Amino acid sequence: MARARMASPMTQDEAPRIRPRTALARLAQLLVTRDIGLTRTLAGLRALVCSGAGMLVGWLLGMALGLPPVVGVMLGALPAFLSCLVVSDARARTEAWRTALMFVPFVVALFLSLELHRYRVVELVLVVVLLAGQLLAQGRGGWVADAGVGAFAAFISGLLLPLPATDFIELAALFAASLATTIVLRLLFFRPDAARSLQRTRAAVGVLVDQVVGGTVELLLASAATRPRRERTLRRRIDRLQVAALLADGLISEGGPGVRGTLAHALHRALFDVELAVETIADAAGRLPAAPADDDAAADGPSPADRASAVLRGRVAAALDGAGAGPSAVVAADRLAALREDGSAAIAGDAAARELRRLELALRNLARAVDEWRTTQRDLDPEGTAIPFESAVSVINGRISGPGDLTDSVVADATARGFWRRLRLTAAGRTAVQGLIAVAIAEPIAVVIDQITGGNRFYWAVIGVVVVLSGTTTTRERLRKTWSRIWGTAAGGLIGIPLAALTATAHPAWTVAIVLLCLGLGVFFISSAYPGWVIALVVLLCQLYSATQQLTPETIPLRLVENGLGALVAVGVSAIVLPLGTTSLVRRAVRELLEGVGGFSAALRAGESDLRTSARAVDQALFRVEAVLGPVPRFAAGRGDRRDGRLRLLVDAIAITVARLAAQTAPPEAPSGADRRRTGEALDELDERVDALQTSLDAAGHRGAPPTPSAASAASTGGEQDRSPEPDTVTGLLKLVVRESPLEADSPWTRARLELIARLDAGVAAVGRELVESPGAARR
């Protein structure tokens with residue numbers, strides 16, 4: 001009741017309108033925003049279509065060549081599916097050649113497998129060698145990685161096929177036909193098109209802008225009880241917007257002849273300004289006076305200030321309603337200007353008036369940037385010869401590149417001493433060594449289990465080793481992946497066994513449909529929700545086992561045991577042989593972010609007119625820090641989830657401050673000599689702190705111990721004035737002022753720049769305290 005009375009002064013016209021949306025529209029928006037650029041959706045669709053065509057071709061050709069139908073279907077689908085999964089390039093011709101080259105490792109490995117049926121021990125040894133080779137080839141990428149995957153898969157297939165070596169020519173013809181069909185389908189329907197991917201990403205940015213503004217409205221209207229949940233929802237939406245903006249920025253430089261030159265620069269500027277304006281809207285609205293606790297309001301009744309704040313929040317929410325990525329942002333800004341003029345903000349306090357002004361300016365900037373983003377034509381500079389453009393954001397296969405070479409550098413440091421220094425291992429080499437040892441342990445155990453239980457399932461343990469080591473780096477990541485695989489297998493069995501009992505034997509058409517659906521869904525989930533991939537895979541296997549009369553009540557439990565055996569052995573070997581802690585990767589990722597801050601400082605000192613590219617490099621480094629922290633949500637860096645969350649907030653705040661410096665408009669008049677000197681001194685202090693922190697992180701990484709006290713002190717402190725209370729939020733850090741006296745400057749523009757540099761300096765100091773001085777920071 002108290003809240004109803006507080007909001008009652010809002011007029012009917014000002015009340016936010018709830019626009020109903022159809023279920024289909026909500027589903028489309030969900031897909032666009034959760035799968036930026038529709039990368040995973042297209043990958044799943046590609047796997048579904050090409051695998052289905054491969055199965056059909058394999059079945060028809062197998063019958064013509066006299067092969068069992070099941071063999072034709074399986075070997076027709078295998079190369080099609082694997083090539084869709086591993087072959088990806090920005091050029092259609094390169095994709096076609098890489099797909100065609102997979103025929104060579106396929107047939108060579110299949111030939112060896114069929115010829116070695118009589119030599120069981122040699123087969124088992126060769127499995128170990130091929131697995132190590134596959135893991136090593138993954139570090140090379142390109143056709144080498146394709147060959148490693150193809151050779152291992154074909155060799156395992158040959159082990160399982162009850163066929164003589166005399167059928168080798170027919171089986172090779174199946175591989176060739178499946179790959180040729182895949183090449184044709186991908187050239188016709190799934191050609192890589194960076195420009196179209198950019199357009200889809202731009203659409204996602206527009207939807208996410210609307211969602212962030214909508215989340216801001218919900219936050220303004222939230223009660224004290226629901227405000228924390230609304231804040232978390234808004235933070236997630238802002239995070240998705242940042243990822244979409246980064247991806248779009250990276251795709252701009254891959255957009256082909258139509259998206260280059262002047263157009264690329266215009267899109268780059270507009271995208272940066274849109275993201276910053278929306279984040280400013282959310283930040284300013286969040287700083288408006290919050291609703292009092294419900295208990296306080298019920299006990300004493302709302303105070304006049306509380307009532308004024310509630311009315312202001314309601315009217316601001318009404319003004320922002322619908323002010324997303326459209327022309328209504330100008331209308332919303334005009335409404336906020338009217339609120340400032342009629343004195344509504346003054347009643348709530350000076351701070352509310354300031355934030356209202358920030359909101360108004362951010363909305364006008366959003367309207368301008370969105371207008372530039374939408375009206376820029378693709379034919380401004382079709383040849384792209386005027387101004388070359390290269391984004392600071394790296395995009396691989398339609399996704400922002402993650403830690404990448406961070407692991408190589410950390411592994412090089414870890415193996416620079418002791419027994420391993422002679423091998424000069426890369427990250428892929430380290431994984432290959434671990435895989436070689438893990439399979440050498442797990443495979444004999446699995447063979448013994450097969451002899452006890454009957455069957456030929458030892459390869460399940462080998463595959464358990466492969467999947468746990470592939471795509472992971474640290475022991476914690478691999479343990480988490482093992483757990484996902486175990487419970488995903490159990491859940492898939494609970495779904496797949498009853499489903500197979502209903503469809504597999506009596507309805508072969510349904511079997512094919514379920515297999516194709518599982519392949520498509522599996523590829524969609526493999527990079528975003530790994531348990532989803534495991535569940536889809538197990539449901540698929542239940543269909544295949546049932547169709548070949550191999551599905552028994554013990555099949556899935558035995559698969560779980562032997563697959564889990566391989567996975568756990570891989571985790572154990574990772575913890576003993578060349579172990580790598582997440583903290584090492586965190587240090588390296590933060591160091592790379594500091595390099596970006598140093599580059600931005602140099603561009604700022606040089607007086608570059610457009611700092612957005614340098615700021616984007618910091619954003620890319622921020623994404624990589626979060627990618628390192630992200631795979632394991634709890635205890636990611638061995639220091640507890642709360643401290644990891646605080647580190648994430650601190651590096652996020654650094655990137656936000658850099659963005660605001662980059663977006664600062666040109667001064668109305670040239671700065672005075674004294675202002676230039678003050679700015680230079682502030683940048684000198686920032687550079688000194690960045691260099692000291694980089695030195696401290698390098699020392700900690702090389703020695704595995706805390707850096708010297710002098711280096712740690714220089715990295716994290718600059719005098720007693722830096723001993724500010726640690727912030728709990730990004731907004732808290734941005735409020736820090738690291739000087740006891742007000743910043744001196746001859747012009748307001750220079751004063752604003754100095755304040756942002758001081759905040760950036762405070763952020764770097766806070767990261768130093770988090771990684772260098774805090775207890776347990778040196779734990780690896």
# chains A, B, ... in the order shown; residues from 1 in each chain; ligands from 1

call {"tool": "closest_atom_pairs", "arguments": {"of": "region 129-163 of chain A", "to": "region 71-78 of chain A", "cutoff": "12 Å", "atoms": "only C-alpha atoms", "output": "JSON lines"}}
result
{"residue": "A:Val149", "atom": "CA", "partner": "A:Leu78", "partner_atom": "CA", "distance": 11.4}
{"residue": "A:Gly150", "atom": "CA", "partner": "A:Leu78", "partner_atom": "CA", "distance": 9.3}
{"residue": "A:Ala151", "atom": "CA", "partner": "A:Leu78", "partner_atom": "CA", "distance": 11.8}
{"residue": "A:Phe152", "atom": "CA", "partner": "A:Leu78", "partner_atom": "CA", "distance": 11.9}
{"residue": "A:Ala153", "atom": "CA", "partner": "A:Leu78", "partner_atom": "CA", "distance": 8.3}
{"residue": "A:Ala154", "atom": "CA", "partner": "A:Leu78", "partner_atom": "CA", "distance": 8.6}
{"residue": "A:Ile156", "atom": "CA", "partner": "A:Leu78", "partner_atom": "CA", "distance": 11.5}
{"residue": "A:Ser157", "atom": "CA", "partner": "A:Leu75", "partner_atom": "CA", "distance": 8.3}
{"residue": "A:Gly158", "atom": "CA", "partner": "A:Leu75", "partner_atom": "CA", "distance": 10.1}
{"residue": "A:Leu160", "atom": "CA", "partner": "A:Val71", "partner_atom": "CA", "distance": 10.5}
{"residue": "A:Leu161", "atom": "CA", "partner": "A:Val71", "partner_atom": "CA", "distance": 7.8}
{"residue": "A:Pro162", "atom": "CA", "partner": "A:Val71", "partner_atom": "CA", "distance": 9.5}
{"residue": "A:Leu163", "atom": "CA", "partner": "A:Val71", "partner_atom": "CA", "distance": 9.4}

call {"tool": "write_last_selection", "arguments": {"atoms": "N, CA and C atoms", "output": "short mmCIF file (atom, residue, chain, number, x, y, z; two decimals), in the first residue's frame"}}
result
data_model
loop_
_atom_site.label_atom_id
_atom_site.label_comp_id
_atom_site.auth_asym_id
_atom_site.auth_seq_id
_atom_site.Cartn_x
_atom_site.Cartn_y
_atom_site.Cartn_z
N VAL A 149 41.91 -35.11 -36.68
CA VAL A 149 40.57 -35.55 -36.30
C VAL A 149 40.09 -36.66 -37.22
N GLY A 150 40.26 -36.48 -38.53
CA GLY A 150 39.80 -37.47 -39.50
C GLY A 150 40.50 -38.80 -39.35
N ALA A 151 41.82 -38.79 -39.13
CA ALA A 151 42.57 -40.04 -39.01
C ALA A 151 42.14 -40.81 -37.77
N PHE A 152 42.00 -40.13 -36.65
CA PHE A 152 41.61 -40.83 -35.42
C PHE A 152 40.21 -41.42 -35.54
N ALA A 153 39.26 -40.66 -36.08
CA ALA A 153 37.89 -41.14 -36.21
C ALA A 153 37.80 -42.33 -37.17
N ALA A 154 38.52 -42.25 -38.30
CA ALA A 154 38.48 -43.35 -39.26
C ALA A 154 39.12 -44.61 -38.70
N ILE A 156 39.29 -45.55 -35.49
CA ILE A 156 38.36 -46.15 -34.53
C ILE A 156 37.21 -46.83 -35.26
N SER A 157 36.71 -46.20 -36.34
CA SER A 157 35.63 -46.81 -37.11
C SER A 157 36.06 -48.14 -37.71
N GLY A 158 37.28 -48.20 -38.22
CA GLY A 158 37.78 -49.45 -38.78
C GLY A 158 37.91 -50.56 -37.75
N LEU A 160 35.92 -51.03 -35.32
CA LEU A 160 34.60 -51.51 -34.95
C LEU A 160 33.88 -52.22 -36.09
N LEU A 161 34.32 -52.00 -37.33
CA LEU A 161 33.59 -52.57 -38.47
C LEU A 161 33.94 -54.04 -38.67
N PRO A 162 32.96 -54.89 -38.73
CA PRO A 162 33.23 -56.33 -38.97
C PRO A 162 33.40 -56.60 -40.46
N LEU A 163 34.34 -55.92 -41.07
CA LEU A 163 34.53 -56.03 -42.52
C LEU A 163 35.97 -56.42 -42.83
#

call {"tool": "residues_around", "arguments": {"residues": "Leu683 (chain A)", "least_positions_apart": "3", "cutoff": "9 Å", "atoms": "only C-alpha atoms", "output": "JSON, numbers by chain"}}
result
{"A": [601, 602, 604, 605, 678, 679, 680, 686, 687, 688, 757, 761]}

call {"tool": "residues_around", "arguments": {"residues": "region 22-27 of chain A", "least_positions_apart": "6", "cutoff": "12 Å", "atoms": "only C-alpha atoms", "output": "PyMOL selection string"}}
result
chain A and resi 33-35+207+211

call {"tool": "closest_residue", "arguments": {"among": "A:Thr750, A:Ser584, A:Gln694, A:Thr555", "to": "Val767 (chain A)", "atoms": "only C-alpha atoms"}}
result
A:Gln694

call {"tool": "closest_residue", "arguments": {"among": "A:Gln434, A:Ser527, A:Thr695, A:Gln134", "to": "Ala147 (chain A)", "atoms": "only C-alpha atoms"}}
result
A:Gln134

call {"tool": "atom_distance", "arguments": {"atom1": "CA of Tyr119 (chain A)", "atom2": "CA of Ile437 (chain A)"}}
result
21.9 Å

call {"tool": "closest_atom_pairs", "arguments": {"of": "region 147-226 of chain A", "to": "region 316-323 of chain A", "cutoff": "9 Å", "atoms": "only C-alpha atoms", "output": "CSV"}}
result
residue,atom,partner,partner_atom,distance
A:Asp210,CA,A:Ala323,CA,7.3
A:Val213,CA,A:Ala323,CA,6.9
A:Gly214,CA,A:Asp321,CA,7.0
A:Thr216,CA,A:Ala317,CA,7.8
A:Val217,CA,A:Ala317,CA,4.9
A:Glu218,CA,A:Ala317,CA,7.8
A:Leu219,CA,A:Ala317,CA,8.8
A:Leu220,CA,A:Ala317,CA,6.1
A:Leu221,CA,A:Ala317,CA,7.0

call {"tool": "residues_around", "arguments": {"residues": "Arg364 (chain A)", "least_positions_apart": "2", "cutoff": "12 Å", "atoms": "only C-alpha atoms", "output": "VMD selection string"}}
result
chain A and resid 273 to 274 277 to 278 280 to 281 323 to 337 357 to 362 366 to 371

call {"tool": "write_last_selection", "arguments": {"atoms": "N, CA, C and O atoms", "output": "CSV table (one decimal), in the first residue's frame"}}
result
chain,number,residue,atom,x,y,z
A,273,ASP,N,29.9,4.1,-30.0
A,273,ASP,CA,29.1,5.2,-29.3
A,273,ASP,C,27.8,4.6,-28.9
A,273,ASP,O,27.3,5.0,-27.8
A,274,VAL,N,27.2,3.7,-29.6
A,274,VAL,CA,25.9,3.1,-29.2
A,274,VAL,C,26.1,2.3,-27.9
A,274,VAL,O,25.3,2.5,-26.9
A,277,ALA,N,26.7,4.7,-25.0
A,277,ALA,CA,25.5,5.5,-24.6
A,277,ALA,C,24.6,4.6,-23.8
A,277,ALA,O,24.0,5.1,-22.8
A,278,VAL,N,24.4,3.4,-24.2
A,278,VAL,CA,23.4,2.5,-23.5
A,278,VAL,C,24.0,2.2,-22.1
A,278,VAL,O,23.2,2.1,-21.1
A,280,THR,N,25.8,4.0,-20.3
A,280,THR,CA,25.7,5.2,-19.5
A,280,THR,C,24.2,5.4,-19.1
A,280,THR,O,24.0,5.8,-17.9
A,281,ILE,N,23.3,5.1,-19.9
A,281,ILE,CA,21.9,5.1,-19.5
A,281,ILE,C,21.6,4.2,-18.3
A,281,ILE,O,21.0,4.6,-17.3
A,323,ALA,N,12.5,3.7,-25.5
A,323,ALA,CA,13.6,4.5,-26.0
A,323,ALA,C,14.8,3.6,-26.3
A,323,ALA,O,15.9,3.8,-25.7
A,324,GLY,N,14.7,2.7,-27.1
A,324,GLY,CA,15.8,1.8,-27.4
A,324,GLY,C,16.5,2.2,-28.7
A,324,GLY,O,16.8,3.4,-28.9
A,325,ALA,N,16.8,1.3,-29.5
A,325,ALA,CA,17.5,1.6,-30.8
A,325,ALA,C,16.6,2.1,-31.8
A,325,ALA,O,16.4,1.6,-32.9
A,326,GLY,N,16.0,3.3,-31.5
A,326,GLY,CA,15.1,3.9,-32.5
A,326,GLY,C,15.0,5.4,-32.2
A,326,GLY,O,15.6,5.9,-31.3
A,327,PRO,N,14.3,6.1,-33.1
A,327,PRO,CA,14.2,7.6,-33.0
A,327,PRO,C,13.5,8.0,-31.7
A,327,PRO,O,13.6,9.2,-31.3
A,328,SER,N,12.8,7.1,-30.9
A,328,SER,CA,12.2,7.6,-29.7
A,328,SER,C,13.2,8.0,-28.6
A,328,SER,O,12.8,8.5,-27.6
A,329,ALA,N,14.5,7.7,-28.8
A,329,ALA,CA,15.5,8.2,-27.9
A,329,ALA,C,15.5,9.7,-27.7
A,329,ALA,O,15.6,10.2,-26.6
A,330,VAL,N,15.2,10.4,-28.8
A,330,VAL,CA,15.2,11.8,-28.8
A,330,VAL,C,13.9,12.3,-28.0
A,330,VAL,O,14.0,13.2,-27.2
A,331,VAL,N,12.8,11.6,-28.2
A,331,VAL,CA,11.6,11.9,-27.5
A,331,VAL,C,11.8,11.7,-26.0
A,331,VAL,O,11.4,12.5,-25.2
A,332,ALA,N,12.5,10.6,-25.7
A,332,ALA,CA,12.8,10.4,-24.2
A,332,ALA,C,13.7,11.4,-23.7
A,332,ALA,O,13.5,11.9,-22.5
A,333,ALA,N,14.7,11.9,-24.4
A,333,ALA,CA,15.5,12.9,-24.0
A,333,ALA,C,14.8,14.2,-23.7
A,333,ALA,O,15.0,15.0,-22.8
A,334,ASP,N,13.8,14.5,-24.6
A,334,ASP,CA,13.0,15.7,-24.5
A,334,ASP,C,12.1,15.6,-23.2
A,334,ASP,O,11.9,16.6,-22.5
A,335,ARG,N,11.6,14.4,-22.9
A,335,ARG,CA,10.8,14.2,-21.7
A,335,ARG,C,11.7,14.5,-20.5
A,335,ARG,O,11.2,15.1,-19.5
A,336,LEU,N,12.9,14.0,-20.5
A,336,LEU,CA,13.8,14.1,-19.3
A,336,LEU,C,14.2,15.6,-19.2
A,336,LEU,O,14.3,16.1,-18.0
A,337,ALA,N,14.4,16.3,-20.3
A,337,ALA,CA,14.6,17.7,-20.2
A,337,ALA,C,13.5,18.5,-19.6
A,337,ALA,O,13.7,19.4,-18.7
A,357,ARG,N,20.6,14.7,-15.9
A,357,ARG,CA,21.3,15.4,-17.0
A,357,ARG,C,22.1,14.4,-17.8
A,357,ARG,O,22.2,14.4,-19.1
A,358,ARG,N,22.8,13.5,-17.1
A,358,ARG,CA,23.6,12.4,-17.8
A,358,ARG,C,22.7,11.5,-18.6
A,358,ARG,O,23.0,11.2,-19.8
A,359,LEU,N,21.5,11.2,-18.1
A,359,LEU,CA,20.6,10.4,-18.9
A,359,LEU,C,20.2,11.1,-20.1
A,359,LEU,O,20.1,10.5,-21.2
A,360,GLU,N,19.8,12.4,-20.0
A,360,GLU,CA,19.4,13.1,-21.2
A,360,GLU,C,20.5,13.1,-22.3
A,360,GLU,O,20.2,12.9,-23.5
A,361,LEU,N,21.7,13.4,-21.9
A,361,LEU,CA,22.8,13.5,-22.8
A,361,LEU,C,23.1,12.1,-23.4
A,361,LEU,O,23.3,12.0,-24.7
A,362,ALA,N,23.0,11.1,-22.6
A,362,ALA,CA,23.3,9.7,-23.2
A,362,ALA,C,22.2,9.3,-24.2
A,362,ALA,O,22.5,8.7,-25.2
A,366,LEU,N,22.8,8.4,-27.9
A,366,LEU,CA,22.3,7.2,-28.5
A,366,LEU,C,21.5,7.4,-29.8
A,366,LEU,O,21.7,6.7,-30.8
A,367,ALA,N,20.7,8.4,-29.8
A,367,ALA,CA,19.9,8.7,-31.0
A,367,ALA,C,20.8,9.0,-32.2
A,367,ALA,O,20.6,8.6,-33.3
A,368,ARG,N,21.8,9.8,-31.9
A,368,ARG,CA,22.8,10.2,-33.0
A,368,ARG,C,23.5,9.0,-33.5
A,368,ARG,O,23.7,8.8,-34.7
A,369,ALA,N,24.0,8.2,-32.5
A,369,ALA,CA,24.8,7.0,-32.9
A,369,ALA,C,24.0,6.0,-33.7
A,369,ALA,O,24.4,5.4,-34.7
A,370,VAL,N,22.8,5.7,-33.2
A,370,VAL,CA,21.9,4.8,-33.9
A,370,VAL,C,21.5,5.3,-35.3
A,370,VAL,O,21.5,4.5,-36.2
A,371,ASP,N,21.3,6.6,-35.4
A,371,ASP,CA,21.0,7.1,-36.7
A,371,ASP,C,22.2,6.9,-37.7
A,371,ASP,O,22.0,6.5,-38.8

call {"tool": "residues_around", "arguments": {"residues": "Asp146 (chain A)", "least_positions_apart": "6", "cutoff": "7 Å", "atoms": "only C-alpha atoms", "output": "mmCIF file with all heavy atoms, in the first residue's frame"}}
result
data_model
loop_
_atom_site.group_PDB
_atom_site.id
_atom_site.type_symbol
_atom_site.label_atom_id
_atom_site.label_comp_id
_atom_site.auth_asym_id
_atom_site.auth_seq_id
_atom_site.Cartn_x
_atom_site.Cartn_y
_atom_site.Cartn_z
ATOM 1 N N VAL A 86 34.633 -29.447 -37.895
ATOM 2 C CA VAL A 86 36.006 -28.951 -37.720
ATOM 3 C C VAL A 86 36.456 -28.009 -38.824
ATOM 4 O O VAL A 86 37.374 -27.215 -38.605
ATOM 5 C CB VAL A 86 37.000 -30.127 -37.598
ATOM 6 C CG1 VAL A 86 36.631 -31.014 -36.440
ATOM 7 C CG2 VAL A 86 37.085 -30.937 -38.884
ATOM 8 N N VAL A 87 35.870 -28.087 -40.026
ATOM 9 C CA VAL A 87 36.332 -27.258 -41.136
ATOM 10 C C VAL A 87 35.542 -25.965 -41.172
ATOM 11 O O VAL A 87 34.322 -25.972 -41.360
ATOM 12 C CB VAL A 87 36.195 -28.000 -42.480
ATOM 13 C CG1 VAL A 87 36.602 -27.084 -43.625
ATOM 14 C CG2 VAL A 87 37.046 -29.255 -42.483
ATOM 15 N N MET A 102 40.430 -33.931 -46.391
ATOM 16 C CA MET A 102 40.157 -34.885 -45.311
ATOM 17 C C MET A 102 40.043 -36.310 -45.836
ATOM 18 O O MET A 102 40.150 -37.269 -45.062
ATOM 19 C CB MET A 102 38.872 -34.495 -44.570
ATOM 20 C CG MET A 102 38.999 -33.265 -43.696
ATOM 21 S SD MET A 102 37.562 -33.013 -42.621
ATOM 22 C CE MET A 102 37.822 -34.296 -41.385
#

call {"tool": "residues_around", "arguments": {"residues": "Ala621 (chain A)", "least_positions_apart": "4", "cutoff": "8 Å", "atoms": "only C-alpha atoms", "output": "tab-separated table (two decimals) with all heavy atoms, in the first residue's frame"}}
result
chain	number	residue	atom	x	y	z
A	589	ALA	N	46.33	-13.10	-18.70
A	589	ALA	CA	45.26	-12.35	-19.34
A	589	ALA	C	45.21	-10.91	-18.82
A	589	ALA	O	45.01	-9.97	-19.59
A	589	ALA	CB	43.92	-13.04	-19.11
A	590	VAL	N	45.39	-10.73	-17.52
A	590	VAL	CA	45.40	-9.38	-16.96
A	590	VAL	C	46.60	-8.61	-17.49
A	590	VAL	O	46.50	-7.41	-17.77
A	590	VAL	CB	45.41	-9.43	-15.42
A	590	VAL	CG1	45.66	-8.05	-14.83
A	590	VAL	CG2	44.09	-9.98	-14.90
A	592	GLU	N	47.92	-8.92	-20.40
A	592	GLU	CA	47.57	-8.49	-21.76
A	592	GLU	C	46.63	-7.29	-21.72
A	592	GLU	O	46.75	-6.37	-22.54
A	592	GLU	CB	46.92	-9.66	-22.50
A	592	GLU	CG	46.67	-9.39	-23.95
A	592	GLU	CD	46.09	-10.60	-24.67
A	592	GLU	OE1	44.85	-10.73	-24.67
A	592	GLU	OE2	46.86	-11.40	-25.20
A	593	LEU	N	45.69	-7.28	-20.76
A	593	LEU	CA	44.81	-6.13	-20.63
A	593	LEU	C	45.62	-4.88	-20.28
A	593	LEU	O	45.37	-3.78	-20.79
A	593	LEU	CB	43.75	-6.40	-19.57
A	593	LEU	CG	42.72	-5.28	-19.35
A	593	LEU	CD1	41.33	-5.88	-19.19
A	593	LEU	CD2	43.04	-4.46	-18.12
A	596	GLY	N	47.11	-3.41	-23.25
A	596	GLY	CA	46.14	-2.59	-23.97
A	596	GLY	C	45.97	-1.22	-23.34
A	596	GLY	O	45.86	-0.21	-24.04
A	617	ALA	N	40.83	-2.55	-28.30
A	617	ALA	CA	41.85	-3.52	-27.93
A	617	ALA	C	41.76	-3.87	-26.45
A	617	ALA	O	41.95	-5.02	-26.04
A	617	ALA	CB	43.24	-2.97	-28.26
A	625	VAL	N	40.08	-11.99	-20.37
A	625	VAL	CA	40.13	-12.19	-18.92
A	625	VAL	C	38.87	-12.91	-18.46
A	625	VAL	O	38.93	-13.88	-17.68
A	625	VAL	CB	40.28	-10.84	-18.18
A	625	VAL	CG1	40.17	-11.05	-16.67
A	625	VAL	CG2	41.61	-10.18	-18.52

call {"tool": "atom_distance", "arguments": {"atom1": "CA of Ala438 (chain A)", "atom2": "CA of Val462 (chain A)"}}
result
8.7 Å
